[in-house]
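First the structure, in the form of structure tokens, and then the observations on it.
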Amino acid sequence: MQQLPTLTPCRRNVRLHKSADEAVQETNDDAALSKASAVRRGYLDDAFITKFMKKDARRPPIINRGTFVRTHAIDVLVEQFHETCRSQDAHAQIVSLGAGFDTRYFNLKKRGRSFKTYVEVDLSEIVERKMAVIQQHSELTDIIGERQDVDSGLRGNDYVLMKGDLRHWKTVAEALSHILDFDSPILFLSECVLIYLNTHDSDTIVDWISQHCLHAAFVLYEQILPDDPFGQVMIDNLRQRHIELKSIWTYPTLQSQIDRFMSREWSKAFALTISEIHDRVLTPEIRTRISRLELFDEVEEWTLLGNHYCVCWATKGRMDDMKGLQVHRKRGQKEDIVPFTLWPQSDGASVKLGSPERK
Ligand SMILES: C[S@@+](CC[C@H](N)C(=O)[O-])C[C@H]1O[C@@H](n2cnc3c(N)ncnc32)[C@H](O)[C@@H]1O
């Protein structure tokens with residue numbers, strides 16, 4: 001089988017008879033490894049991710065670039081959510097679904113951001129491993145402040161690390177109901193997570209959020225385009241590792257990702273591929289900076305890879321004030337920033353990348 005790069009790498013020593021749950025948990029180690037590699041190479045600034053790594057992190061340039069673009073885009077949207085809450089005198093709440101070893105909470109706190117609550121949910125084994133690492137590092141425990149270890153995970157003043165299986169949403173939702181304030185804005189993050197659930201389970205989660213949260217944002221990152229040759233190889237490579245992208249068949253395109261939210265009465269939803277974010281959203285200064293970090297000659301593979309991953313974001317209620325990712329467009333010598341809802345093509349036609357505001 002052809003080996004194409006994926007943002008989740010192929011492993012050579014795959015254990016036979018691994019359970020699907022073990023395989024999906026390993027994707028967390030891959031995500032952490034990729035982030036640590038991007039930090040090591042100077043793409044990302046993250047003081048905490050290496051604490052979760054046992055080995056030296058090195059990934060190829062194409063993966064480092066992909067990890068940077070994804071993380072940068074999500075960081076921008078999270079900062080916008082926080083800023084929108086602040087401008088409305090509202091308390092920010094974030095729920096990271098399948099958070100794994102993500103260190104965004106610690107980095108945001110280090111940058112002075114405050115939250116009413118930041119909740120991270122993942123499977124028991126991952127939460128226990130994350131708790132063990134947190135307990136070993138005073139840089140992490142200091143940020144959490146006063147904390148309690150409880151059966152369900154760890155609780156701080158504004159931080160909850162919670163064991164929960166997203167396939168049993170009723171139980172997770174019951175726990176969240178005791179933590180969240182549904183009158184205040186809530187941002188839900190799914191960074192390469194919902195796609196591992198079957199469509200019924202992932203839809204149950206989005207349905208619940210749509211029904212319970214008046215002022216909400218959802219930021220999602222996952223694979224798309226399973227049917228073209230690159231997509232088929234991507235699916236096959238992951239299958240070899242016992243990983244199924246279960247809901248990719250229901251949400252295979254940018255438009256279907258947008259529809260997933262618009263059909264549930266969210267007022268705005270947008271989606272862009274990682275390639276589009278790289279080419280149109282990153283400022284020329286950022287693109288130049290990352291292009292100088294290491295030799296990069298995988299140009300064709302990069303476009304293919306970037307076309308198969310997307311960032312989708314949706315808002316409702318007071319969170320409709322979020323600007324979203326903005327597109328940079330060159331006009332003569334000037335660089336404009338425009339909303340990308342309608343992106344003019346060279347033939348003058350417009351391609352619809354996002355949904356206009358629902359009236
Ligand atoms: C690719 S990793 C991403 C981790 C993190 N969001 C990030 O981007 O660094 C996928 C994560 O989803 C979690 N996950 C998958 N299925 C889950 C489920 N049914 N319930 C809770 N977490 C799940 C995995 O354990 C893993 O930590």
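Naming scheme: A, B, ... for chains in displayed order of the structure tokens; residues 1 onward per chain; ligands 1 onward as shown.
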Counting only C-alpha atoms and all ligand atoms, which residues in chain A sit no more than 8 Å from ligand 1? For each one, give the nearest pair of atoms and the distance in Å, sorted by chain then residue number, as a Markdown table.
```
| residue | atom | partner | partner_atom_place_in_ligand_line | distance |
| --- | --- | --- | --- | --- |
| A:Thr8 | CA | ligand 1 | 1 (C) | 7.5 |
| A:Asp21 | CA | ligand 1 | 16 (N) | 7.3 |
| A:Val24 | CA | ligand 1 | 15 (C) | 5.5 |
| A:Gln25 | CA | ligand 1 | 25 (O) | 4.0 |
| A:Glu26 | CA | ligand 1 | 26 (C) | 7.1 |
| A:Thr27 | CA | ligand 1 | 1 (C) | 4.4 |
| A:Asn28 | CA | ligand 1 | 2 (S) | 3.8 |
| A:Asp29 | CA | ligand 1 | 2 (S) | 7.4 |
| A:Asp30 | CA | ligand 1 | 1 (C) | 7.1 |
| A:Ala31 | CA | ligand 1 | 9 (O) | 4.9 |
| A:Ala32 | CA | ligand 1 | 9 (O) | 5.8 |
| A:Lys35 | CA | ligand 1 | 9 (O) | 7.8 |
| A:Ser96 | CA | ligand 1 | 6 (N) | 7.2 |
| A:Leu97 | CA | ligand 1 | 22 (N) | 6.6 |
| A:Gly98 | CA | ligand 1 | 12 (O) | 3.8 |
| A:Ala99 | CA | ligand 1 | 6 (N) | 4.1 |
| A:Gly100 | CA | ligand 1 | 27 (O) | 3.5 |
| A:Phe101 | CA | ligand 1 | 9 (O) | 5.8 |
| A:Asp102 | CA | ligand 1 | 9 (O) | 4.5 |
| A:Thr103 | CA | ligand 1 | 9 (O) | 7.9 |
| A:Val121 | CA | ligand 1 | 21 (C) | 6.2 |
| A:Asp122 | CA | ligand 1 | 22 (N) | 3.8 |
| A:Leu123 | CA | ligand 1 | 21 (C) | 4.4 |
| A:Ile126 | CA | ligand 1 | 25 (O) | 6.0 |
| A:Lys163 | CA | ligand 1 | 21 (C) | 7.7 |
| A:Gly164 | CA | ligand 1 | 21 (C) | 5.7 |
| A:Asp165 | CA | ligand 1 | 20 (N) | 3.6 |
| A:Leu166 | CA | ligand 1 | 20 (N) | 3.8 |
| A:Arg167 | CA | ligand 1 | 19 (N) | 4.9 |
| A:His168 | CA | ligand 1 | 19 (N) | 7.7 |
| A:Leu189 | CA | ligand 1 | 6 (N) | 7.8 |
| A:Ser190 | CA | ligand 1 | 6 (N) | 6.2 |
| A:Glu191 | CA | ligand 1 | 6 (N) | 4.2 |
| A:Cys192 | CA | ligand 1 | 1 (C) | 4.9 |
| A:Val193 | CA | ligand 1 | 12 (O) | 4.5 |
| A:Leu194 | CA | ligand 1 | 16 (N) | 7.5 |
| A:Tyr196 | CA | ligand 1 | 16 (N) | 5.8 |
| A:Leu197 | CA | ligand 1 | 19 (N) | 6.4 |
```
For the selection you just gave me, I'd like the residues written to a file as an mmCIF file, in the first residue's frame, keeping C-alpha atoms.
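Full text of part14.cif as output:
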```
data_model
loop_
_atom_site.group_PDB
_atom_site.id
_atom_site.type_symbol
_atom_site.label_atom_id
_atom_site.label_comp_id
_atom_site.auth_asym_id
_atom_site.auth_seq_id
_atom_site.Cartn_x
_atom_site.Cartn_y
_atom_site.Cartn_z
ATOM 1 C CA THR A 8 -1.517 10.932 12.610
ATOM 2 C CA ASP A 21 -10.066 1.690 22.401
ATOM 3 C CA VAL A 24 -7.788 5.453 19.704
ATOM 4 C CA GLN A 25 -5.993 6.327 22.944
ATOM 5 C CA GLU A 26 -2.662 6.019 21.149
ATOM 6 C CA THR A 27 -3.748 8.882 18.901
ATOM 7 C CA ASN A 28 -3.302 11.060 21.985
ATOM 8 C CA ASP A 29 0.378 10.121 22.215
ATOM 9 C CA ASP A 30 0.738 10.909 18.512
ATOM 10 C CA ALA A 31 -0.915 14.315 18.924
ATOM 11 C CA ALA A 32 1.315 15.151 21.916
ATOM 12 C CA LYS A 35 3.003 19.178 19.204
ATOM 13 C CA SER A 96 -12.433 20.200 25.633
ATOM 14 C CA LEU A 97 -13.875 16.879 24.437
ATOM 15 C CA GLY A 98 -11.211 14.154 24.203
ATOM 16 C CA ALA A 99 -8.614 16.624 25.465
ATOM 17 C CA GLY A 100 -5.840 14.037 25.773
ATOM 18 C CA PHE A 101 -2.549 15.660 26.827
ATOM 19 C CA ASP A 102 -3.558 19.025 25.378
ATOM 20 C CA THR A 103 -1.847 21.844 27.303
ATOM 21 C CA VAL A 121 -12.903 15.107 29.266
ATOM 22 C CA ASP A 122 -11.182 11.933 28.131
ATOM 23 C CA LEU A 123 -11.191 8.177 28.714
ATOM 24 C CA ILE A 126 -5.732 9.008 29.554
ATOM 25 C CA LYS A 163 -12.992 10.794 33.162
ATOM 26 C CA GLY A 164 -15.768 10.247 30.681
ATOM 27 C CA ASP A 165 -16.584 8.141 27.669
ATOM 28 C CA LEU A 166 -18.136 10.331 24.994
ATOM 29 C CA ARG A 167 -20.012 7.280 23.696
ATOM 30 C CA HIS A 168 -21.980 7.403 26.958
ATOM 31 C CA LEU A 189 -13.458 21.979 21.445
ATOM 32 C CA SER A 190 -13.102 18.752 19.506
ATOM 33 C CA GLU A 191 -9.567 18.527 18.196
ATOM 34 C CA CYS A 192 -9.564 15.302 16.202
ATOM 35 C CA VAL A 193 -12.051 13.548 18.490
ATOM 36 C CA LEU A 194 -15.696 13.437 17.278
ATOM 37 C CA TYR A 196 -13.624 8.566 16.164
ATOM 38 C CA LEU A 197 -17.221 8.227 17.352
#
```
Legend entry - Surrounding residues of A:Arg86 excluding itself and chain neighbours under 2 positions, 12 Å, only C-alpha atoms, as a list in words: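 In the requested format, the answer is Glu79, Gln80, Phe81, His82, Glu83, Thr84, Gln88, Asp89, Ala90, His91, Ala92, Gln93, Arg113, Ser114, Phe115, Lys116, Ser184, Pro185, Arg318, Met319, Asp321 and Met322 of chain A.
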Inset, instruction - Write out as a PyMOL selection string all residues of stretch 192-243 of chain A that backbone DSSP assigns to helix (DSSP H, G or I). - result: chain A and resi 194-196+199-212+229-240
With N, CA and C atoms retained, could you export that selection as a short mmCIF file (atom, residue, chain, number, x, y, z; two decimals), in the first residue's frame?
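Now in part-v3.cif:
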```cif
data_model
loop_
_atom_site.label_atom_id
_atom_site.label_comp_id
_atom_site.auth_asym_id
_atom_site.auth_seq_id
_atom_site.Cartn_x
_atom_site.Cartn_y
_atom_site.Cartn_z
N LEU A 194 -14.34 13.90 17.65
CA LEU A 194 -15.70 13.44 17.28
C LEU A 194 -15.63 12.42 16.15
N ILE A 195 -14.65 12.54 15.28
CA ILE A 195 -14.55 11.66 14.12
C ILE A 195 -14.34 10.19 14.50
N TYR A 196 -13.82 9.95 15.72
CA TYR A 196 -13.62 8.57 16.16
C TYR A 196 -14.91 7.93 16.69
N THR A 199 -21.57 8.10 13.95
CA THR A 199 -22.36 9.31 13.69
C THR A 199 -23.43 9.51 14.76
N HIS A 200 -24.06 8.42 15.19
CA HIS A 200 -25.13 8.56 16.19
C HIS A 200 -24.57 9.18 17.47
N ASP A 201 -23.40 8.69 17.92
CA ASP A 201 -22.82 9.20 19.17
C ASP A 201 -22.34 10.65 19.02
N SER A 202 -21.72 10.98 17.88
CA SER A 202 -21.23 12.36 17.75
C SER A 202 -22.40 13.32 17.56
N ASP A 203 -23.44 12.87 16.85
CA ASP A 203 -24.63 13.73 16.69
C ASP A 203 -25.35 13.95 18.02
N THR A 204 -25.35 12.92 18.86
CA THR A 204 -26.00 13.05 20.18
C THR A 204 -25.35 14.20 20.96
N ILE A 205 -24.02 14.29 20.86
CA ILE A 205 -23.29 15.34 21.58
C ILE A 205 -23.64 16.72 21.02
N VAL A 206 -23.58 16.85 19.70
CA VAL A 206 -23.87 18.16 19.09
C VAL A 206 -25.33 18.54 19.33
N ASP A 207 -26.23 17.56 19.27
CA ASP A 207 -27.66 17.83 19.56
C ASP A 207 -27.83 18.39 20.98
N TRP A 208 -27.17 17.74 21.93
CA TRP A 208 -27.31 18.15 23.34
C TRP A 208 -26.80 19.58 23.53
N ILE A 209 -25.63 19.85 22.93
CA ILE A 209 -25.06 21.20 23.07
C ILE A 209 -26.01 22.22 22.42
N SER A 210 -26.52 21.87 21.25
CA SER A 210 -27.43 22.79 20.55
C SER A 210 -28.65 23.09 21.40
N GLN A 211 -29.16 22.07 22.09
CA GLN A 211 -30.38 22.26 22.88
C GLN A 211 -30.13 22.96 24.22
N HIS A 212 -28.96 22.72 24.82
CA HIS A 212 -28.74 23.21 26.19
C HIS A 212 -28.00 24.53 26.28
N PRO A 229 -8.16 9.39 -3.91
CA PRO A 229 -7.04 8.46 -3.68
C PRO A 229 -6.26 8.74 -2.39
N PHE A 230 -5.97 10.00 -2.10
CA PHE A 230 -5.24 10.30 -0.86
C PHE A 230 -6.10 9.90 0.35
N GLY A 231 -7.39 10.24 0.27
CA GLY A 231 -8.30 9.92 1.38
C GLY A 231 -8.37 8.43 1.63
N GLN A 232 -8.40 7.64 0.53
CA GLN A 232 -8.49 6.19 0.70
C GLN A 232 -7.25 5.64 1.38
N VAL A 233 -6.08 6.17 0.99
CA VAL A 233 -4.83 5.69 1.62
C VAL A 233 -4.79 6.12 3.10
N MET A 234 -5.26 7.34 3.35
CA MET A 234 -5.31 7.83 4.74
C MET A 234 -6.17 6.89 5.60
N ILE A 235 -7.34 6.51 5.07
CA ILE A 235 -8.24 5.62 5.81
C ILE A 235 -7.59 4.24 6.00
N ASP A 236 -6.97 3.72 4.93
CA ASP A 236 -6.35 2.39 5.02
C ASP A 236 -5.19 2.38 6.01
N ASN A 237 -4.36 3.44 5.98
CA ASN A 237 -3.23 3.49 6.92
C ASN A 237 -3.71 3.48 8.36
N LEU A 238 -4.77 4.23 8.61
CA LEU A 238 -5.29 4.27 9.98
C LEU A 238 -5.92 2.93 10.36
N ARG A 239 -6.60 2.30 9.40
CA ARG A 239 -7.22 0.99 9.66
C ARG A 239 -6.17 -0.04 10.06
N GLN A 240 -4.99 0.06 9.43
CA GLN A 240 -3.90 -0.87 9.80
C GLN A 240 -3.55 -0.73 11.27
#
```
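Across the structure, atom CA of A:Val160 and atom CA of A:Thr71 are spaced 21.8 Å apart.
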Inset, instruction - Using only C-alpha atoms, pick whichever of A:Ser152, A:Thr303, A:Gln255, A:Ser263 has the shortest atom-to-atom distance to A:Ala175. - result: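 Under the stated criterion, the closest residue is A:Ser152.
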How close does stretch 234-324 of chain A get to stretch 54-66 of chain A? List, as JSON lines, each residue of stretch 234-324 of chain A within 8 Å, its nearest atom pair and the distance in Å to one decimal, counting only C-alpha atoms.
```
{"residue": "A:Ile274", "atom": "CA", "partner": "A:Gly66", "partner_atom": "CA", "distance": 7.2}
{"residue": "A:Ile290", "atom": "CA", "partner": "A:Arg65", "partner_atom": "CA", "distance": 7.6}
{"residue": "A:Glu294", "atom": "CA", "partner": "A:Pro61", "partner_atom": "CA", "distance": 6.9}
{"residue": "A:Leu295", "atom": "CA", "partner": "A:Pro61", "partner_atom": "CA", "distance": 7.4}
{"residue": "A:Phe296", "atom": "CA", "partner": "A:Pro61", "partner_atom": "CA", "distance": 6.2}
{"residue": "A:Glu298", "atom": "CA", "partner": "A:Ile62", "partner_atom": "CA", "distance": 6.7}
{"residue": "A:Trp302", "atom": "CA", "partner": "A:Ile62", "partner_atom": "CA", "distance": 6.3}
{"residue": "A:Gly306", "atom": "CA", "partner": "A:Gly66", "partner_atom": "CA", "distance": 7.1}
```
Legend entry - Nearest residue to A:Ser177 from the set A:Val133, A:Ile49, A:Val119, A:Ile144 (distances using only C-alpha atoms):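 Of A:Val133, A:Ile49, A:Val119, A:Ile144, the one nearest A:Ser177 is A:Val119, counting only C-alpha atoms.
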Inset, instruction - Check the DSSP output for the backbone and give back, as a VMD selection string, the residues of stretch 183-349 of chain A in strand (DSSP E). - result: chain A and resid 186 to 191 216 to 223 268 to 273 309 to 316 326 to 331 334 to 339 342 to 344
Legend entry - Atomic separation - atom CA of A:Thr273 relative to atom CA of A:Arg289, Å: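 Computing the Euclidean distance for atom CA of A:Arg289 and atom CA of A:Thr273 yields 20.6 Å.
Taking atom CA of A:Trp266 and atom CA of A:Ile224 as endpoints, the distance between them is 21.2 Å.
Remark: for A:Glu222, the closest of the candidate residues A:Cys310, A:Ile74, A:Ile258, A:Ile277 is A:Cys310 (distances computed over only C-alpha atoms).
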Inset, instruction - Name the closest residue to A:Val150 among the candidates A:Leu305, A:Ala73, A:Leu180, A:Met162; distances are taken between atoms, counting only C-alpha atoms. - result: A:Met162
Legend entry - Given only C-alpha atoms as the counted atoms, nearest of A:Met131, A:Val95, A:Glu125, A:Ser87 to A:Phe52: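 Looking at the shortest contact to A:Phe52, the residue is A:Met131.
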